[in-house]
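Peer 1: I am sharing input-v3.txt, which consists of compact mmCIF, C-alpha atoms and all ligand atoms:
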```
# COMPACT_ATOMS: atom_id res chain seq x y z
CA MET Y 765 60.07 57.75 256.69
CA ASN Y 766 63.05 55.47 257.16
CA ARG Y 767 63.68 51.87 258.27
CA ILE Y 768 63.58 52.78 261.97
CA LYS Y 769 60.19 54.53 261.76
CA ALA Y 770 58.84 51.74 259.54
CA VAL Y 771 59.91 49.00 262.00
CA GLN Y 772 58.49 50.91 264.96
CA ARG Y 773 55.22 51.49 263.13
CA ALA Y 774 54.89 47.76 262.39
CA LEU Y 775 55.56 46.90 266.05
CA ALA Y 776 52.95 49.36 267.34
CA GLY Y 777 49.84 47.93 268.94
CA ARG Y 778 51.20 44.38 269.30
CA ALA Y 779 51.34 42.48 272.57
CA ASN Y 780 54.74 41.02 273.54
CA ARG Y 781 56.57 42.52 270.56
CA ILE Y 782 59.48 40.40 269.30
CA TYR Y 783 61.97 42.17 267.03
CA LEU Y 784 64.78 40.49 265.06
CA GLU Y 785 67.55 42.46 263.33
CA ILE Y 786 69.96 40.65 261.01
CA GLY Y 787 73.02 42.82 260.41
CA VAL Y 788 73.32 45.21 263.35
CA SER Y 789 76.83 46.69 263.14
CA ARG Y 790 77.11 49.62 265.61
CA GLY Y 791 73.43 49.43 266.50
CA PHE Y 792 72.33 52.65 264.80
CA THR Y 793 68.88 51.10 264.30
CA PHE Y 794 68.90 48.42 267.02
CA ARG Y 795 69.45 50.88 269.87
CA ARG Y 796 66.52 53.05 268.72
CA ILE Y 797 63.86 50.32 268.45
CA SER Y 798 61.43 49.75 271.34
CA ALA Y 799 60.13 46.19 271.70
CA ASP Y 800 59.59 43.63 274.45
CA VAL Y 801 62.26 41.29 273.13
CA LYS Y 802 65.02 42.43 270.73
CA ILE Y 803 67.31 39.95 269.00
CA ALA Y 804 70.54 41.09 267.32
CA VAL Y 805 72.43 38.86 264.85
CA ASP Y 806 75.76 39.88 263.31
CA PRO Y 807 79.11 38.05 262.95
CA ALA Y 808 80.87 41.32 263.83
CA LEU Y 809 78.80 43.21 266.40
CA ARG Y 810 80.26 46.69 266.89
CA LEU Y 811 78.00 48.24 269.51
CA SER Y 812 79.73 50.44 272.06
CA ALA Y 813 78.88 49.99 275.74
CA ARG Y 814 76.68 53.10 275.46
CA SER Y 815 74.81 51.72 272.42
CA ARG Y 816 74.22 48.42 274.23
CA ARG Y 817 72.87 50.28 277.24
CA LEU Y 818 70.54 52.38 275.05
CA ALA Y 819 69.43 49.26 273.17
CA ASP Y 820 68.78 47.39 276.42
CA GLU Y 821 66.79 50.29 277.91
CA LYS Y 822 64.26 49.98 275.09
CA ALA Y 823 63.42 46.31 275.74
CA CYS Y 824 62.49 43.89 278.52
CA ALA Y 825 65.12 41.51 277.14
CA THR Y 826 67.83 41.80 274.49
CA TYR Y 827 69.75 38.88 272.99
CA TYR Y 828 72.99 39.26 271.03
CA PHE Y 829 74.13 36.49 268.68
CA GLU Y 830 77.59 37.18 267.29
CA MET Y 831 77.38 34.86 264.29
CA THR Y 832 76.19 34.81 260.69
CA SER Y 833 72.47 34.65 260.02
CA ASP Y 834 72.92 31.13 258.58
CA ALA Y 835 74.55 29.95 261.83
CA PHE Y 836 71.82 31.65 263.88
CA PHE Y 837 68.99 29.93 262.02
CA ALA Y 838 70.84 26.60 262.07
CA ASN Y 839 71.78 26.66 265.78
CA GLU Y 840 68.98 28.57 267.51
CA THR Y 841 65.86 26.72 266.40
CA SER Y 842 64.43 26.15 269.88
CA PHE Y 843 65.06 29.80 270.83
CA LEU Y 844 63.27 30.89 267.64
CA GLU Y 845 60.38 28.47 268.15
CA GLN Y 846 59.95 29.71 271.72
CA HIS Y 847 59.87 33.39 270.79
CA GLY Y 848 58.52 33.66 267.23
CA ILE Y 849 59.05 36.91 265.32
CA ASP Y 850 56.68 39.87 264.96
CA VAL Y 851 58.90 42.20 262.95
CA ALA Y 852 62.31 41.64 261.37
CA LEU Y 853 64.78 43.96 259.69
CA ILE Y 854 67.10 42.11 257.29
CA ASP Y 855 70.20 44.23 256.72
CA GLY Y 856 73.11 41.74 256.86
CA LEU Y 857 75.15 40.46 253.93
CA HIS Y 858 74.05 42.42 250.86
CA THR Y 859 73.98 39.64 248.31
CA TYR Y 860 70.82 38.55 246.54
CA LYS Y 861 71.16 34.87 247.48
CA GLN Y 862 71.86 35.58 251.18
CA VAL Y 863 68.91 37.96 251.42
CA VAL Y 864 66.59 35.33 249.92
CA CYS Y 865 67.93 32.81 252.49
CA ASP Y 866 67.44 35.29 255.33
CA VAL Y 867 63.86 36.00 254.24
CA GLU Y 868 62.98 32.30 253.86
CA ASN Y 869 64.48 31.45 257.25
CA THR Y 870 62.71 34.38 258.94
CA LEU Y 871 59.37 33.37 257.39
CA ARG Y 872 59.55 30.03 259.24
CA TYR Y 873 59.17 31.86 262.56
CA LEU Y 874 57.21 34.95 261.48
CA ARG Y 875 53.73 35.30 262.96
CA ASP Y 876 50.90 35.25 260.42
CA ASP Y 877 50.48 39.03 260.82
CA GLY Y 878 54.25 39.65 261.08
CA VAL Y 879 56.26 41.97 258.85
CA ILE Y 880 59.74 41.69 257.33
CA PHE Y 881 61.66 44.79 256.23
CA LEU Y 882 64.65 44.64 253.87
CA HIS Y 883 67.06 47.55 253.77
CA ASP Y 884 68.89 48.70 250.58
CA CYS Y 885 66.39 47.54 247.96
CA ASN Y 886 66.47 50.64 245.71
CA PRO Y 887 70.07 51.69 244.97
CA ALA Y 888 70.35 55.08 243.24
CA LEU Y 889 73.70 54.44 241.52
CA ALA Y 890 75.32 51.54 239.66
CA LEU Y 891 78.34 51.73 241.95
CA ILE Y 892 76.24 51.27 245.09
CA ALA Y 893 74.50 48.29 243.45
CA ARG Y 894 77.71 46.56 242.38
CA PRO Y 895 77.51 42.84 243.24
CA ALA Y 896 80.27 41.64 245.58
CA ALA Y 897 80.73 38.76 248.00
CA SER Y 898 81.11 41.09 250.99
CA GLN Y 899 81.44 44.74 252.01
CA ALA Y 900 85.22 44.22 252.22
CA GLU Y 901 85.34 42.93 248.63
CA PHE Y 902 83.20 45.87 247.49
CA MET Y 903 85.61 48.33 249.12
CA ALA Y 904 88.67 46.53 247.68
CA GLN Y 905 87.20 46.69 244.14
CA GLN Y 906 87.17 50.48 244.18
CA ARG Y 907 90.09 52.42 242.84
CA GLY Y 908 89.92 56.21 243.51
CA PRO Y 909 89.36 59.04 243.08
CA LEU Y 910 85.75 58.45 244.20
CA VAL Y 911 85.53 55.81 246.94
CA ILE Y 912 82.10 55.16 248.33
CA GLY Y 913 81.39 53.25 251.55
CA VAL Y 914 77.66 52.77 250.99
CA TRP Y 915 76.94 49.34 249.51
CA SER Y 916 73.48 48.00 248.62
CA GLY Y 917 74.76 45.24 246.34
CA ASP Y 918 72.12 43.24 244.47
CA VAL Y 919 69.65 43.02 247.38
CA TRP Y 920 67.06 44.40 244.90
CA LYS Y 921 67.09 41.06 243.06
CA ALA Y 922 65.65 39.38 246.17
CA ILE Y 923 62.52 41.51 245.63
CA VAL Y 924 62.29 40.37 241.99
CA TYR Y 925 62.81 36.76 243.10
CA LEU Y 926 60.15 36.85 245.81
CA ARG Y 927 57.65 38.58 243.53
CA SER Y 928 58.29 35.89 240.90
CA THR Y 929 58.23 32.78 243.08
CA ARG Y 930 55.97 33.42 246.08
CA PRO Y 931 52.21 33.66 245.45
CA ASP Y 932 51.78 33.64 249.25
CA LEU Y 933 53.64 36.89 249.95
CA ARG Y 934 52.82 40.58 249.55
CA VAL Y 935 56.03 42.36 248.55
CA ALA Y 936 56.74 46.04 247.82
CA VAL Y 937 59.52 48.60 248.28
CA LEU Y 938 59.03 51.97 249.98
CA LYS Y 939 60.73 54.83 248.15
CA CYS Y 940 62.82 56.09 251.06
CA ASP Y 941 66.06 55.34 252.94
CA MET Y 942 67.81 53.48 250.08
CA GLY Y 943 64.63 51.48 249.45
CA VAL Y 944 62.88 49.72 252.33
CA GLY Y 945 61.42 46.39 251.20
CA VAL Y 946 58.22 45.28 252.96
CA ILE Y 947 57.02 41.67 253.08
CA ARG Y 948 53.92 40.09 254.66
CA LYS Y 949 52.07 36.83 254.31
CA GLY Y 950 49.04 37.20 252.02
CA THR Y 951 47.91 37.40 248.41
CA PRO Y 952 50.05 39.75 246.30
CA GLU Y 953 48.39 42.62 244.42
CA SER Y 954 50.75 42.02 241.48
CA ARG Y 955 53.45 39.49 240.56
CA LEU Y 956 56.42 39.04 238.22
CA SER Y 957 57.33 35.96 236.19
CA TYR Y 958 61.13 35.87 236.03
CA SER Y 959 62.97 32.54 236.12
CA ALA Y 960 66.01 32.14 238.38
CA ALA Y 961 68.27 32.34 235.30
CA GLN Y 962 66.59 35.55 234.12
CA ILE Y 963 67.03 37.13 237.55
CA GLU Y 964 70.73 36.17 237.54
CA ALA Y 965 71.09 37.93 234.18
CA LEU Y 966 69.43 41.19 235.28
CA ASN Y 967 71.82 44.10 235.81
CA TYR Y 968 71.69 47.64 237.18
CA THR Y 969 70.58 49.09 233.81
CA ASP Y 970 67.53 46.80 233.89
CA LEU Y 971 66.72 48.10 237.36
CA ALA Y 972 67.27 51.75 236.43
CA ASN Y 973 64.98 51.40 233.38
CA ASP Y 974 62.15 49.62 235.18
CA ARG Y 975 62.37 50.20 238.95
CA GLU Y 976 58.71 50.95 239.59
CA ARG Y 977 57.56 47.63 238.12
CA LEU Y 978 60.45 45.38 239.23
CA LEU Y 979 60.34 46.56 242.83
CA ASN Y 980 56.61 47.38 243.13
CA LEU Y 981 57.94 50.76 244.24
CA LYS Y 982 55.58 52.72 246.46
CA PRO Y 983 55.59 56.09 248.22
CA SER Y 984 56.33 55.96 251.97
CA ARG Y 985 52.68 56.60 252.82
CA TYR Y 986 51.85 53.15 251.37
CA LEU Y 987 53.14 51.61 254.61
CA ALA Y 988 49.86 52.47 256.39
CA GLU Y 989 47.86 50.58 253.76
CA PHE Y 990 50.35 47.71 253.78
CA LEU Y 991 50.08 47.36 257.54
CA GLY Y 992 46.29 47.55 257.35
CA GLU Y 993 46.13 50.78 259.33
CA ARG Y 994 43.12 53.05 258.90
CA ALA Y 995 44.98 56.31 259.47
CA GLU Y 996 47.21 57.61 256.70
CA LEU Y 997 50.86 58.28 257.51
CA PRO Y 998 51.72 61.97 257.69
CA PRO Y 999 53.70 63.24 254.65
CA THR Y 1000 57.48 62.69 254.89
C1 LIG P 1 74.80 47.79 256.84
S1 LIG P 1 75.37 47.02 258.28
C2 LIG P 1 73.92 46.93 259.28
C3 LIG P 1 73.38 48.25 259.69
C4 LIG P 1 72.26 48.23 260.71
N1 LIG P 1 71.16 47.36 260.37
C5 LIG P 1 71.70 49.62 260.92
O1 LIG P 1 70.57 49.91 260.52
O2 LIG P 1 72.44 50.44 261.46
C6 LIG P 1 75.57 45.37 257.74
C7 LIG P 1 76.01 44.39 258.81
O3 LIG P 1 75.78 43.08 258.33
C8 LIG P 1 76.72 42.24 258.93
N2 LIG P 1 76.80 40.98 258.21
C9 LIG P 1 77.63 40.64 257.20
N3 LIG P 1 77.44 39.37 256.85
C10 LIG P 1 76.44 38.88 257.64
C11 LIG P 1 75.78 37.62 257.75
N4 LIG P 1 76.12 36.59 256.96
N5 LIG P 1 74.83 37.48 258.69
C12 LIG P 1 74.47 38.53 259.49
N6 LIG P 1 75.06 39.74 259.42
C13 LIG P 1 76.03 39.92 258.51
C14 LIG P 1 78.01 43.04 258.92
O4 LIG P 1 78.92 42.57 259.91
C15 LIG P 1 77.50 44.46 259.17
O5 LIG P 1 77.66 44.80 260.53
```
Would you put the structure from the file into structure tokens?
Ligand SMILES: C[S@@+](CC[C@H](N)C(=O)[O-])C[C@H]1O[C@@H](n2cnc3c(N)ncnc32)[C@H](O)[C@@H]1O
Peer 2:
Amino acid sequence: MNRIKAVQRALAGRANRIYLEIGVSRGFTFRRISADVKIAVDPALRLSARSRRLADEKACATYYFEMTSDAFFANETSFLEQHGIDVALIDGLHTYKQVVCDVENTLRYLRDDGVIFLHDCNPALALIARPAASQAEFMAQQRGPLVIGVWSGDVWKAIVYLRSTRPDLRVAVLKCDMGVGVIRKGTPESRLSYSAAQIEALNYTDLANDRERLLNLKPSRYLAEFLGERAELPPT
């Protein structure tokens, strides 16, 4: 299981499937997803001509918005109202506050049975989880010999925030692919009770000591139950 298979699974069986990806980069995921309408948002789109062609072949229509997610949600309200969103992958700026903003903005257009996925919710190392204002700042902070390009930041805190503040959302994290967060409208099976100040104060050690509870961490096969499917996912 990974974010691509999870997104595709959530899109399956829908009519007129609308897919939104925030943070697209070279299109590693975007070009592999099949949907009727695919919407890409990134201030620095880096898809090659070949990736664009592959992405376009897997949709009836693709739309590329080369701007931040905040600008997209501020400027494209009529486009969003016209299309709605079935499934979204949020994988843009990896800061806790931005991810919360991206989730809240996406929820305004998400269908009642829609699904939001968040990449990078379960970092395996303190270095990968280091908070920074941007990927560039994260890279600049590192002084050899070990330089790592994979950055999850404090995206995981968005899960703690949503589980503490939203009684109207089901939220969990699949234990695969750096942690794939899953969000749907509905009554949560369990909640947290952290204040905003307490979430600010949490650090990587808190996460490492208590990941299962903080993230509502689940095996990949939980996705079938989360999506309300009858068939179990095959083992991964
Ligand atoms: C990890 S990459 C995305 C990878 C992609 N989703 C995939 O699966 O291959 C993160 C991307 O987020 C973009 N990004 C950074 N800040 C953003 C923002 N405020 N809004 C939207 N995208 C942003 C970056 O330009 C970068 O291309």
Peer 1: Contacts of Gly848 in chain Y at 7 Å or less, counting all atoms listed in the file, minus same-chain residues fewer than 3 places along, as a ChimeraX atom specification?
Peer 2: /Y:844-845,873-875
Peer 1: How would the residues just chosen look if you wrote them out with C-alpha atoms as an mmCIF file, keeping the file's coordinate frame?
Peer 2:
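Everything below was put into out-v3.cif:
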```
data_model
loop_
_atom_site.group_PDB
_atom_site.id
_atom_site.type_symbol
_atom_site.label_atom_id
_atom_site.label_comp_id
_atom_site.auth_asym_id
_atom_site.auth_seq_id
_atom_site.Cartn_x
_atom_site.Cartn_y
_atom_site.Cartn_z
ATOM 1 C CA LEU Y 844 63.270 30.890 267.640
ATOM 2 C CA GLU Y 845 60.380 28.470 268.150
ATOM 3 C CA TYR Y 873 59.170 31.860 262.560
ATOM 4 C CA LEU Y 874 57.210 34.950 261.480
ATOM 5 C CA ARG Y 875 53.730 35.300 262.960
#
```
Peer 1: Using only C-alpha atoms and all ligand atoms for the distances, tell me which of Y:Arg894, Y:Lys861, Y:Arg773, Y:Arg930 is nearest to ligand LIG 1 (chain P).
Peer 2: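 Between Y:Arg894, Y:Lys861, Y:Arg773, Y:Arg930, the residue approaching ligand LIG 1 (chain P) most closely is Y:Lys861.
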Peer 1: Mind listing the residues within 8 Å of ligand LIG 1 (chain P), only C-alpha atoms and all ligand atoms counted, as a ChimeraX atom specification?
Peer 2: /Y:767-768,785-794,805-810,831-834,853-858,862,883,898-899,915
Peer 1: With all atoms listed in the file as the atoms that count, which of Y:Ala770, Y:Val863, Y:Ala960, Y:Val801 lies nearest to Tyr925 in chain Y?
Peer 2: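 For Tyr925 in chain Y, the nearest of the given residues is Y:Ala960.
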Peer 1: Check the smallest atom-to-atom distance from each of Y:Gln846, Y:Thr841, Y:Ser928, Y:Asn967 to Ala893 in chain Y using only C-alpha atoms, then report the winner.
Peer 2: Y:Asn967
Peer 1: State, in Å with one decimal place, the distance from CA of Ala988 in chain Y to CA of Ala774 in chain Y.
Peer 2: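 Result for CA of Ala988 in chain Y versus CA of Ala774 in chain Y: 9.1 Å, one decimal.
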Peer 1: Identify which of the residues Y:Tyr958, Y:Tyr968, Y:Phe881, Y:Phe902 lies closest to Gln772 in chain Y, counting all atoms listed in the file when measuring atom-to-atom distances.
Peer 2: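 Among the listed residues, the smallest separation from Gln772 in chain Y belongs to Y:Phe881.
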Peer 1: Write out as JSON an axis-aligned box for range 776-783 of chain Y: all of its atoms listed in the file, 8 Å added on each side, centre and edge lengths in Å with one decimal.
Peer 2:
```
{"center_x": 55.9, "center_y": 44.9, "center_z": 270.3, "size_x": 28.1, "size_y": 25.0, "size_z": 22.5}
```
